[in-house]
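*Asks:* Here's a structure for you.
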Amino acid sequence: MSAQRKERAEEENRKVFSEEERRSVEEENFEEVVRKAASTTVTRRKSGLPKDLIIVSIPEVVDDFLRNFLRRASLRQTLNSFEAEWHSSAQKAMTEALMRTMAAAGISFIHDALTHRQLLQSELEAVRRETDQLRQEVLAAGESLVKLQRERDFHWLQYQKVAENKSTLIEDYNQLKKHLESYGPALRQLDDKFKTALRQKMLLSLEKDRAQNTSEARVDQESPQINKTTLKKTDCTQKLSAKSPMKRHPKDSEFPICSRKMNPRLKSPEWKQPSSFSLCCSIRAHKLPISCISLHPQKLILASASDDSSWKLWVLPASREKVGEMVLRGEGHSDWLSGCSFHPDGSKLATTSGDTTVRLWDFALGSCVLTFSGHSQPTWGCSFHSCGHFLASCSADRTTKLWDLNSQRCRLTLRRHTASVNSVCFMPFSNLLLTCSADKTLALWDARLGVCTTAFHGHLHPCYHAAFSLAGDIVASCDSGGVINVWDIRKPMPGVATVDAGPLGANQVVFSPSGKMLSVGSSDGLVRLVEVGSWTVRTLSGHSDSVQSVTFDHNGETVISAGSEGQINVWSELCVNEEMKN
């Protein structure tokens, strides 16, 4: 029995030694596996894989086998010693080695299979959710794509229709253009015929006048008792009836026998020439721009016409007064006002407007008494004959019309300009009429015959305004380039002088009563005073916007200007003297 026990003990010792060797081999293999796992982890980290996906393969432990063997052999003390040594030395050393290896590899925690499965499951669910979301987005994008394709097809069809319409319109335009060009020679031929007929008519009227004068001379020889003045009036009446393209009206006015010697202002003493001007007062006349101002023939009353479709009468302030007073206001035009002019007796006012009409207003009645409709485009200005029976108006329709206030009809239509006629003016106490146009020319007309007697050429820009001197022998005109030309009607070419007041346009020019000074309203907000003869230029600044209209008072000692800001400025030499005294 003892021998058998010894053999069994030896066998068990061999087994224990074999187990220890096996254990040592397994530990070595375990360390190699841990090192490989660490190197694999480092490689995966470098390749961008997350830490949680790395699982180290741990070999199976043999501590359970040893525990079962010692229990079957009833070696409880040995079992207790094994437990103590296992947990105190071997397991600790293995754990420390494993921790060192993991620390060297950068592994903080090793997941078990359940935790790894849960992580994978959560990631799988997240991927599924993202897949569903992407699927929905793809479906929505597909629907949007189909919708955009339908809209593209619709717009393409619309584009094709518009392109077809465009090509059709281009063809129609080209056909109409060719059709219009085909009328060009015919229109030029008709224009030439009209001019030829007009010349023939003028020649025939002149021959008729000569024949009538011859017959009247014979009658004078036979009847010397006839009054010479009556004969002259009869001669003037016959001329008018011969030249007028319209039939004679019973109420038609007669043109008076006019002479510049009849001008009462030419008999006045020497005019005083002011040396300087200063701003006396400003009147806030209109809210919208003022297009024109006109002075009463006898009194210090000023009429203003504005873009607000109304006109106003202002009593100008006397010396040492700073405020003007409005006395009358008129409304009736359906569009902006462009010009105004007093009747020679001062009891009426004529206005022109963008509504193509010319209206005559009676101050006693306070209303419009006559409306002349005949222009096809806006009217720009008007002027009364010195007798007060005739009113001339100019328009953008390239015509000038002469209206008879007694018969209330158009007596003449003057056609010569090729662009808008911007201003019209009667020579003082004369039957001559001056017009200026955007075609850069001026024309002097005989109002009795409707014939252009003189044309003035020299402006390089559209003419805005032209005016006579009080003596009637000098004409001044201004244009959109700010150039002022002065002409002698007895020698129209070349001009007397040229003054450059640019670069902005000169809107209006007027002579002083003495004829020795010009006042110019400019678009740069300045009033320019030009000395006739020396042609020196002075400026008056007081407007915040362009100056549209200027005029002198009856003595030439005051300049009145109106601008686009709706303000009227009064400039006088008296204000300068008062300032020097103070």
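Chain labels follow the order of the structure tokens: the first chain is A, the next B, and so on; residue numbering restarts at 1 in every chain, and ligands are counted from 1 in their shown order.
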So that I can see what lies close to Val486 (chain A), please list as a PyMOL selection string the residues with an atom at most 10 Å from it, counting only C-alpha atoms and leaving out residues fewer than 6 positions away in the same chain.
*Replies:* chain A and resi 466-468+474-478+492+494-499+532
*Asks:* Output the selection as a PDB file, in the first residue's frame - C-alpha atoms for each residue.
*Replies:*
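selection_37.pdb written:
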ATOM      1  CA  ALA A 466     -34.519 135.436 -76.893  1.00  0.00           C
ATOM      2  CA  ALA A 467     -35.432 139.055 -76.124  1.00  0.00           C
ATOM      3  CA  PHE A 468     -35.412 142.519 -77.694  1.00  0.00           C
ATOM      4  CA  ILE A 474     -30.560 144.604 -80.496  1.00  0.00           C
ATOM      5  CA  VAL A 475     -31.506 140.992 -79.796  1.00  0.00           C
ATOM      6  CA  ALA A 476     -30.030 138.713 -77.086  1.00  0.00           C
ATOM      7  CA  SER A 477     -30.425 134.943 -77.021  1.00  0.00           C
ATOM      8  CA  CYS A 478     -29.228 132.132 -74.735  1.00  0.00           C
ATOM      9  CA  PRO A 492     -27.764 139.619 -88.417  1.00  0.00           C
ATOM     10  CA  PRO A 494     -22.148 138.023 -87.702  1.00  0.00           C
ATOM     11  CA  GLY A 495     -23.376 138.593 -84.166  1.00  0.00           C
ATOM     12  CA  VAL A 496     -22.350 141.594 -82.112  1.00  0.00           C
ATOM     13  CA  ALA A 497     -20.865 139.580 -79.249  1.00  0.00           C
ATOM     14  CA  THR A 498     -20.788 136.148 -77.607  1.00  0.00           C
ATOM     15  CA  VAL A 499     -20.607 135.677 -73.839  1.00  0.00           C
ATOM     16  CA  VAL A 532     -23.320 145.597 -72.763  1.00  0.00           C
TER      17      VAL A 532
END
*Asks:* Could you list, as a list of chain:residue names, every residue within 7 Å of region 359-373 of chain A, counting only C-alpha atoms and ignoring same-chain residues fewer than 4 positions away?
*Replies:*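 Listed by chain and then number, they are A:Ser347, A:Lys348, A:Leu349, A:Ala350, A:Thr351, A:Thr352.
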*Asks:* Write a file of the selected residues as a compact mmCIF listing (two decimals), in the first residue's frame, keeping N, CA, C and O atoms.
*Replies:*
# COMPACT_ATOMS: atom_id res chain seq x y z
N SER A 347 -54.55 144.91 -67.35
CA SER A 347 -55.79 144.39 -66.77
C SER A 347 -55.97 142.90 -66.98
O SER A 347 -56.89 142.31 -66.42
N LYS A 348 -55.11 142.29 -67.77
CA LYS A 348 -55.26 140.86 -68.09
C LYS A 348 -53.89 140.19 -68.05
O LYS A 348 -52.84 140.85 -68.09
N LEU A 349 -53.95 138.87 -67.98
CA LEU A 349 -52.73 138.05 -67.96
C LEU A 349 -52.94 136.84 -68.86
O LEU A 349 -53.99 136.18 -68.80
N ALA A 350 -51.97 136.56 -69.70
CA ALA A 350 -52.00 135.37 -70.56
C ALA A 350 -51.03 134.34 -70.00
O ALA A 350 -49.93 134.67 -69.55
N THR A 351 -51.44 133.07 -70.03
CA THR A 351 -50.60 131.98 -69.50
C THR A 351 -50.55 130.85 -70.52
O THR A 351 -51.52 130.61 -71.26
N THR A 352 -49.42 130.16 -70.54
CA THR A 352 -49.24 128.97 -71.37
C THR A 352 -48.97 127.78 -70.46
O THR A 352 -48.47 127.94 -69.35
*Asks:* Mind checking which residues fall within 6 Å of region 560-569 of chain A, counting only C-alpha atoms, ignoring those fewer than 5 positions away in the same chain, and posting them as a PDB file with all heavy atoms, in the first residue's frame?
*Replies:*
ATOM      1  N   SER A 282     -36.717 137.895 -50.071  1.00  0.00           N
ATOM      2  CA  SER A 282     -37.046 136.634 -50.744  1.00  0.00           C
ATOM      3  C   SER A 282     -38.494 136.300 -50.438  1.00  0.00           C
ATOM      4  O   SER A 282     -38.953 136.450 -49.297  1.00  0.00           O
ATOM      5  CB  SER A 282     -36.135 135.497 -50.284  1.00  0.00           C
ATOM      6  OG  SER A 282     -34.796 135.763 -50.637  1.00  0.00           O
ATOM      7  N   ILE A 283     -39.219 135.865 -51.457  1.00  0.00           N
ATOM      8  CA  ILE A 283     -40.632 135.509 -51.319  1.00  0.00           C
ATOM      9  C   ILE A 283     -40.762 134.024 -51.629  1.00  0.00           C
ATOM     10  O   ILE A 283     -40.378 133.569 -52.711  1.00  0.00           O
ATOM     11  CB  ILE A 283     -41.511 136.334 -52.277  1.00  0.00           C
ATOM     12  CG1 ILE A 283     -41.308 137.828 -52.042  1.00  0.00           C
ATOM     13  CG2 ILE A 283     -42.980 135.962 -52.115  1.00  0.00           C
ATOM     14  CD1 ILE A 283     -41.991 138.695 -53.067  1.00  0.00           C
ATOM     15  N   ARG A 284     -41.319 133.297 -50.660  1.00  0.00           N
ATOM     16  CA  ARG A 284     -41.610 131.874 -50.876  1.00  0.00           C
ATOM     17  C   ARG A 284     -42.954 131.794 -51.613  1.00  0.00           C
ATOM     18  O   ARG A 284     -44.021 131.725 -51.000  1.00  0.00           O
ATOM     19  CB  ARG A 284     -41.663 131.123 -49.540  1.00  0.00           C
ATOM     20  CG  ARG A 284     -41.888 129.633 -49.678  1.00  0.00           C
ATOM     21  CD  ARG A 284     -40.722 128.971 -50.397  1.00  0.00           C
ATOM     22  NE  ARG A 284     -40.896 127.537 -50.520  1.00  0.00           N
ATOM     23  CZ  ARG A 284     -40.080 126.736 -51.162  1.00  0.00           C
ATOM     24  NH1 ARG A 284     -39.008 127.239 -51.739  1.00  0.00           N
ATOM     25  NH2 ARG A 284     -40.308 125.442 -51.236  1.00  0.00           N
ATOM     26  N   ALA A 285     -42.905 131.823 -52.943  1.00  0.00           N
ATOM     27  CA  ALA A 285     -44.111 132.007 -53.730  1.00  0.00           C
ATOM     28  C   ALA A 285     -44.866 130.704 -53.995  1.00  0.00           C
ATOM     29  O   ALA A 285     -46.096 130.661 -53.914  1.00  0.00           O
ATOM     30  CB  ALA A 285     -43.754 132.664 -55.062  1.00  0.00           C
ATOM     31  N   HIS A 286     -44.149 129.636 -54.324  1.00  0.00           N
ATOM     32  CA  HIS A 286     -44.782 128.365 -54.687  1.00  0.00           C
ATOM     33  C   HIS A 286     -44.001 127.224 -54.049  1.00  0.00           C
ATOM     34  O   HIS A 286     -42.822 127.353 -53.739  1.00  0.00           O
ATOM     35  CB  HIS A 286     -44.812 128.168 -56.207  1.00  0.00           C
ATOM     36  CG  HIS A 286     -45.632 129.186 -56.940  1.00  0.00           C
ATOM     37  ND1 HIS A 286     -46.965 129.016 -57.234  1.00  0.00           N
ATOM     38  CD2 HIS A 286     -45.290 130.396 -57.445  1.00  0.00           C
ATOM     39  CE1 HIS A 286     -47.408 130.068 -57.900  1.00  0.00           C
ATOM     40  NE2 HIS A 286     -46.412 130.924 -58.037  1.00  0.00           N
ATOM     41  N   LYS A 287     -44.694 126.097 -53.882  1.00  0.00           N
ATOM     42  CA  LYS A 287     -44.035 124.905 -53.361  1.00  0.00           C
ATOM     43  C   LYS A 287     -43.283 124.162 -54.456  1.00  0.00           C
ATOM     44  O   LYS A 287     -42.312 123.466 -54.166  1.00  0.00           O
ATOM     45  CB  LYS A 287     -45.066 123.987 -52.711  1.00  0.00           C
ATOM     46  CG  LYS A 287     -45.700 124.563 -51.457  1.00  0.00           C
ATOM     47  CD  LYS A 287     -46.671 123.565 -50.834  1.00  0.00           C
ATOM     48  CE  LYS A 287     -47.289 124.132 -49.555  1.00  0.00           C
ATOM     49  NZ  LYS A 287     -48.251 123.193 -48.942  1.00  0.00           N
ATOM     50  N   LEU A 288     -43.764 124.306 -55.694  1.00  0.00           N
ATOM     51  CA  LEU A 288     -43.111 123.663 -56.830  1.00  0.00           C
ATOM     52  C   LEU A 288     -42.325 124.714 -57.619  1.00  0.00           C
ATOM     53  O   LEU A 288     -42.469 125.909 -57.379  1.00  0.00           O
ATOM     54  CB  LEU A 288     -44.158 122.982 -57.716  1.00  0.00           C
ATOM     55  CG  LEU A 288     -44.898 121.793 -57.087  1.00  0.00           C
ATOM     56  CD1 LEU A 288     -45.866 121.181 -58.078  1.00  0.00           C
ATOM     57  CD2 LEU A 288     -43.940 120.736 -56.568  1.00  0.00           C
ATOM     58  N   PRO A 289     -41.492 124.289 -58.566  1.00  0.00           N
ATOM     59  CA  PRO A 289     -40.663 125.248 -59.306  1.00  0.00           C
ATOM     60  C   PRO A 289     -41.474 126.329 -60.004  1.00  0.00           C
ATOM     61  O   PRO A 289     -42.582 126.097 -60.496  1.00  0.00           O
ATOM     62  CB  PRO A 289     -39.928 124.358 -60.321  1.00  0.00           C
ATOM     63  CG  PRO A 289     -39.876 123.017 -59.675  1.00  0.00           C
ATOM     64  CD  PRO A 289     -41.140 122.888 -58.895  1.00  0.00           C
ATOM     65  N   ILE A 290     -40.895 127.523 -60.048  1.00  0.00           N
ATOM     66  CA  ILE A 290     -41.478 128.644 -60.783  1.00  0.00           C
ATOM     67  C   ILE A 290     -40.861 128.646 -62.177  1.00  0.00           C
ATOM     68  O   ILE A 290     -39.639 128.650 -62.335  1.00  0.00           O
ATOM     69  CB  ILE A 290     -41.195 129.975 -60.068  1.00  0.00           C
ATOM     70  CG1 ILE A 290     -41.828 129.968 -58.668  1.00  0.00           C
ATOM     71  CG2 ILE A 290     -41.736 131.148 -60.881  1.00  0.00           C
ATOM     72  CD1 ILE A 290     -41.483 131.185 -57.842  1.00  0.00           C
ATOM     73  N   ASP A 545     -31.402 126.446 -56.184  1.00  0.00           N
ATOM     74  CA  ASP A 545     -31.631 125.606 -57.356  1.00  0.00           C
ATOM     75  C   ASP A 545     -31.530 126.489 -58.601  1.00  0.00           C
ATOM     76  O   ASP A 545     -31.239 127.678 -58.509  1.00  0.00           O
ATOM     77  CB  ASP A 545     -33.000 124.922 -57.261  1.00  0.00           C
ATOM     78  CG  ASP A 545     -33.041 123.610 -58.039  1.00  0.00           C
ATOM     79  OD1 ASP A 545     -32.203 123.440 -58.932  1.00  0.00           O
ATOM     80  OD2 ASP A 545     -33.918 122.771 -57.754  1.00  0.00           O
ATOM     81  N   SER A 546     -31.769 125.919 -59.754  1.00  0.00           N
ATOM     82  CA  SER A 546     -31.586 126.650 -61.005  1.00  0.00           C
ATOM     83  C   SER A 546     -32.529 127.846 -61.088  1.00  0.00           C
ATOM     84  O   SER A 546     -33.668 127.805 -60.613  1.00  0.00           O
ATOM     85  CB  SER A 546     -31.824 125.719 -62.195  1.00  0.00           C
ATOM     86  OG  SER A 546     -33.157 125.229 -62.176  1.00  0.00           O
ATOM     87  N   VAL A 547     -32.046 128.934 -61.694  1.00  0.00           N
ATOM     88  CA  VAL A 547     -32.843 130.146 -61.888  1.00  0.00           C
ATOM     89  C   VAL A 547     -33.553 130.020 -63.231  1.00  0.00           C
ATOM     90  O   VAL A 547     -32.906 129.909 -64.283  1.00  0.00           O
ATOM     91  CB  VAL A 547     -31.950 131.406 -61.863  1.00  0.00           C
ATOM     92  CG1 VAL A 547     -32.797 132.658 -62.039  1.00  0.00           C
ATOM     93  CG2 VAL A 547     -31.171 131.459 -60.555  1.00  0.00           C
ATOM     94  N   GLN A 548     -34.900 130.047 -63.201  1.00  0.00           N
ATOM     95  CA  GLN A 548     -35.680 129.815 -64.403  1.00  0.00           C
ATOM     96  C   GLN A 548     -36.089 131.098 -65.118  1.00  0.00           C
ATOM     97  O   GLN A 548     -36.279 131.089 -66.339  1.00  0.00           O
ATOM     98  CB  GLN A 548     -36.945 129.004 -64.055  1.00  0.00           C
ATOM     99  CG  GLN A 548     -36.678 127.632 -63.504  1.00  0.00           C
ATOM    100  CD  GLN A 548     -36.045 126.715 -64.517  1.00  0.00           C
ATOM    101  OE1 GLN A 548     -36.199 126.897 -65.718  1.00  0.00           O
ATOM    102  NE2 GLN A 548     -35.302 125.715 -64.050  1.00  0.00           N
ATOM    103  N   SER A 549     -36.236 132.204 -64.382  1.00  0.00           N
ATOM    104  CA  SER A 549     -36.741 133.428 -65.008  1.00  0.00           C
ATOM    105  C   SER A 549     -36.157 134.651 -64.300  1.00  0.00           C
ATOM    106  O   SER A 549     -35.940 134.625 -63.080  1.00  0.00           O
ATOM    107  CB  SER A 549     -38.269 133.458 -64.961  1.00  0.00           C
ATOM    108  OG  SER A 549     -38.786 134.581 -65.632  1.00  0.00           O
ATOM    109  N   VAL A 550     -35.918 135.730 -65.064  1.00  0.00           N
ATOM    110  CA  VAL A 550     -35.392 136.984 -64.520  1.00  0.00           C
ATOM    111  C   VAL A 550     -36.089 138.142 -65.218  1.00  0.00           C
ATOM    112  O   VAL A 550     -36.591 138.002 -66.345  1.00  0.00           O
ATOM    113  CB  VAL A 550     -33.859 137.098 -64.703  1.00  0.00           C
ATOM    114  CG1 VAL A 550     -33.123 136.124 -63.815  1.00  0.00           C
ATOM    115  CG2 VAL A 550     -33.480 136.885 -66.167  1.00  0.00           C
ATOM    116  N   THR A 551     -36.107 139.308 -64.564  1.00  0.00           N
ATOM    117  CA  THR A 551     -36.639 140.523 -65.168  1.00  0.00           C
ATOM    118  C   THR A 551     -36.123 141.734 -64.403  1.00  0.00           C
ATOM    119  O   THR A 551     -35.639 141.598 -63.263  1.00  0.00           O
ATOM    120  CB  THR A 551     -38.179 140.507 -65.180  1.00  0.00           C
ATOM    121  OG1 THR A 551     -38.654 141.639 -65.906  1.00  0.00           O
ATOM    122  CG2 THR A 551     -38.730 140.557 -63.761  1.00  0.00           C
TER     123      THR A 551
END
*Asks:* Just the residues within 12 Å of Val358 (chain A), please, counting only C-alpha atoms, with nothing from its chain fewer than 5 positions along; format it as a PyMOL selection string.
*Replies:* chain A and resi 332-335+337-341+349-353+368-383+391-395+401-403+405+408-410
*Asks:* So how many Å separate CA of Thr435 (chain A) and CA of His459 (chain A), to one decimal?
*Replies:*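 For CA of Thr435 (chain A) relative to CA of His459 (chain A), the distance reads 13.9 Å.
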*Asks:* For Trp314 (chain A), which residue out of A:Ser167, A:Gln77, A:Ser294, A:Ser88 is the nearest one, using only C-alpha atoms?
*Replies:*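 Under the stated criterion, the closest residue is A:Ser294.
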*Asks:* Which residues come within 8 Å of Gly346 (chain A), counting only C-alpha atoms, excluding same-chain residues fewer than 4 positions away, as an mmCIF file with N, CA and C atoms, in the first residue's frame?
*Replies:*
data_model
loop_
_atom_site.group_PDB
_atom_site.id
_atom_site.type_symbol
_atom_site.label_atom_id
_atom_site.label_comp_id
_atom_site.auth_asym_id
_atom_site.auth_seq_id
_atom_site.Cartn_x
_atom_site.Cartn_y
_atom_site.Cartn_z
ATOM 1 N N HIS A 296 -45.747 143.837 -64.166
ATOM 2 C CA HIS A 296 -46.862 144.664 -64.633
ATOM 3 C C HIS A 296 -46.308 145.864 -65.414
ATOM 4 N N PRO A 297 -46.998 146.289 -66.493
ATOM 5 C CA PRO A 297 -46.455 147.391 -67.309
ATOM 6 C C PRO A 297 -46.297 148.704 -66.571
ATOM 7 N N GLN A 298 -47.158 148.986 -65.570
ATOM 8 C CA GLN A 298 -47.093 150.280 -64.884
ATOM 9 C C GLN A 298 -46.784 150.179 -63.395
ATOM 10 N N PHE A 342 -48.206 139.916 -69.223
ATOM 11 C CA PHE A 342 -49.233 140.912 -68.942
ATOM 12 C C PHE A 342 -49.728 141.540 -70.243
#
